[in-house]
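Student: Sending over a structure as structure tokens; questions will come in a sec.
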Amino acid sequence: VCPTELEDMAELYPEFQKLGVEIYSVSTDKHFSHKAWHDSSPRIGKIEFPMVGDPSFEITEAFDSLRPGEGAADRTTVLIDPKGIIQYVETTSEGVGRNAKELLRKVKAAQYVYNNPGQVCPAKWEVGDATLTPSFDLTGQL
């Protein structure tokens, strides 16, 4: 599943960059494995964002993604805002691939909320859609 996810992200990487977003792929493999994978796999060869090796598990433990006793990490997506605050975390099961287009939508929504305090983006929100202003007046009306 992972190679398809990484390829999907690689194809949308320019769109993330236009939004000022940086992507890092982190795995518990060493950077030598990433280099070999990048050089031998057409899917992984498309990647232009950093592939970070975390054989010491420092990063995966910090984000609570390390599987205890396995030396492997769950597939976790973390969105961190410009102030260093985690705004979004998603851990995906082994057999279900993540969707870079949906992550891009969530980034756009998170950026909108970050830049428009007091507004929130409802489900399926896309740029240009109406937002909500949380208040007691909305209670029971949505």
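Chain labels run A, B, ... following the order of the structure tokens; each chain numbers its residues from 1, and ligands are numbered from 1 in the order shown.
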Determine, using only C-alpha atoms, which residues of range 40-117 of chain A have any atom at most 8 Å from an atom of range 3-20 of chain A, and tabulate each with its shortest atom pair and distance in Å to one decimal place, rows ordered by chain and then rising number, as CSV.
Tutor:
residue,atom,partner,partner_atom,distance
A:Arg43,CA,A:Glu7,CA,5.2
A:Ile44,CA,A:Glu7,CA,6.1
A:Lys46,CA,A:Ala10,CA,6.1
A:Ile47,CA,A:Ala10,CA,5.0
A:Glu48,CA,A:Ala10,CA,6.8
A:Phe49,CA,A:Ala10,CA,7.5
A:Gly97,CA,A:Glu5,CA,6.2
A:Arg98,CA,A:Glu5,CA,6.0
A:Asn99,CA,A:Glu5,CA,7.0
A:Ala100,CA,A:Met9,CA,5.3
A:Lys101,CA,A:Leu12,CA,7.4
A:Leu104,CA,A:Phe16,CA,6.8
A:Lys108,CA,A:Leu19,CA,7.9
Student: Can you tell me which residues surround range 72-82 of chain A at a distance of at most 8 Å, considering only C-alpha atoms, apart from same-chain residues fewer than 3 positions away, and format the answer as a PyMOL selection string?
Tutor: chain A and resi 27-28+60+65-67+85-94+107
Student: Taking the chain letters and numbering used in this document, name the residues of chain A that DSSP puts in alpha helix (DSSP H), as a ChimeraX atom specification.
Tutor: /A:2-18,31-40,58-62,100-115
Student: What does the file look like for those residues with C-alpha atoms, as an mmCIF file, in the first residue's frame?
Tutor:
data_model
loop_
_atom_site.group_PDB
_atom_site.id
_atom_site.type_symbol
_atom_site.label_atom_id
_atom_site.label_comp_id
_atom_site.auth_asym_id
_atom_site.auth_seq_id
_atom_site.Cartn_x
_atom_site.Cartn_y
_atom_site.Cartn_z
ATOM 1 C CA CYS A 2 2.762 2.465 0.957
ATOM 2 C CA PRO A 3 4.296 2.802 -2.544
ATOM 3 C CA THR A 4 0.909 3.758 -3.988
ATOM 4 C CA GLU A 5 0.433 6.361 -1.241
ATOM 5 C CA LEU A 6 3.888 7.816 -1.777
ATOM 6 C CA GLU A 7 3.322 8.003 -5.525
ATOM 7 C CA ASP A 8 -0.040 9.712 -4.951
ATOM 8 C CA MET A 9 1.630 12.260 -2.664
ATOM 9 C CA ALA A 10 4.482 12.782 -5.138
ATOM 10 C CA GLU A 11 2.001 13.606 -7.892
ATOM 11 C CA LEU A 12 0.304 16.288 -5.748
ATOM 12 C CA TYR A 13 3.490 17.570 -4.112
ATOM 13 C CA PRO A 14 3.590 20.712 -6.337
ATOM 14 C CA GLU A 15 0.063 21.606 -5.160
ATOM 15 C CA PHE A 16 1.137 21.297 -1.515
ATOM 16 C CA GLN A 17 4.208 23.430 -2.219
ATOM 17 C CA LYS A 18 2.021 26.174 -3.735
ATOM 18 C CA HIS A 31 18.257 6.253 4.451
ATOM 19 C CA PHE A 32 20.181 3.622 2.458
ATOM 20 C CA SER A 33 16.926 1.693 2.017
ATOM 21 C CA HIS A 34 15.151 4.844 0.868
ATOM 22 C CA LYS A 35 17.893 5.559 -1.671
ATOM 23 C CA ALA A 36 17.751 2.014 -3.052
ATOM 24 C CA TRP A 37 13.950 2.129 -3.176
ATOM 25 C CA HIS A 38 13.998 5.537 -4.896
ATOM 26 C CA ASP A 39 16.480 4.310 -7.497
ATOM 27 C CA SER A 40 14.701 1.012 -8.255
ATOM 28 C CA GLU A 58 12.951 8.973 17.747
ATOM 29 C CA ILE A 59 10.459 10.563 15.342
ATOM 30 C CA THR A 60 7.965 7.710 15.288
ATOM 31 C CA GLU A 61 7.943 7.528 19.087
ATOM 32 C CA ALA A 62 7.511 11.317 19.342
ATOM 33 C CA ALA A 100 -3.373 12.746 -1.081
ATOM 34 C CA LYS A 101 -6.234 14.694 -2.682
ATOM 35 C CA GLU A 102 -8.262 14.441 0.538
ATOM 36 C CA LEU A 103 -5.231 15.474 2.580
ATOM 37 C CA LEU A 104 -4.816 18.498 0.278
ATOM 38 C CA ARG A 105 -8.469 19.423 0.935
ATOM 39 C CA LYS A 106 -7.871 19.142 4.683
ATOM 40 C CA VAL A 107 -4.751 21.304 4.447
ATOM 41 C CA LYS A 108 -6.731 23.981 2.606
ATOM 42 C CA ALA A 109 -9.439 23.837 5.274
ATOM 43 C CA ALA A 110 -6.866 24.006 8.081
ATOM 44 C CA GLN A 111 -5.201 26.987 6.432
ATOM 45 C CA TYR A 112 -8.550 28.711 6.042
ATOM 46 C CA VAL A 113 -9.379 28.213 9.732
ATOM 47 C CA TYR A 114 -5.854 29.312 10.737
ATOM 48 C CA ASN A 115 -6.169 32.517 8.696
#
Student: Separation of CA of Asp29 in chain A and CA of Met51 in chain A, in Å?
Tutor: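 If I compute the distance from CA of Asp29 in chain A to CA of Met51 in chain A, I get 9.9 Å.
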Student: Looking at A:Val127, A:Gly118, A:Val1, A:Phe57, which one is nearest to Gly69 in chain A, with distances taken over only C-alpha atoms?
Tutor: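 Using only C-alpha atoms, the shortest distance to Gly69 in chain A belongs to A:Phe57.
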Student: Give the strand (DSSP E) residues of chain A, as assigned by DSSP on the backbone, as a list in words.
Tutor: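 Filtering chain A down to strand (DSSP E) leaves Ser25, Val26, Ser27, Met51, Val52, Gly53, Leu66, Arg67, Ala72, Ala73, Arg75, Thr76, Thr77, Val78, Leu79, Ile80, Ile86, Gln87, Tyr88, Val89, Glu90, Thr91 and Thr92 of chain A.
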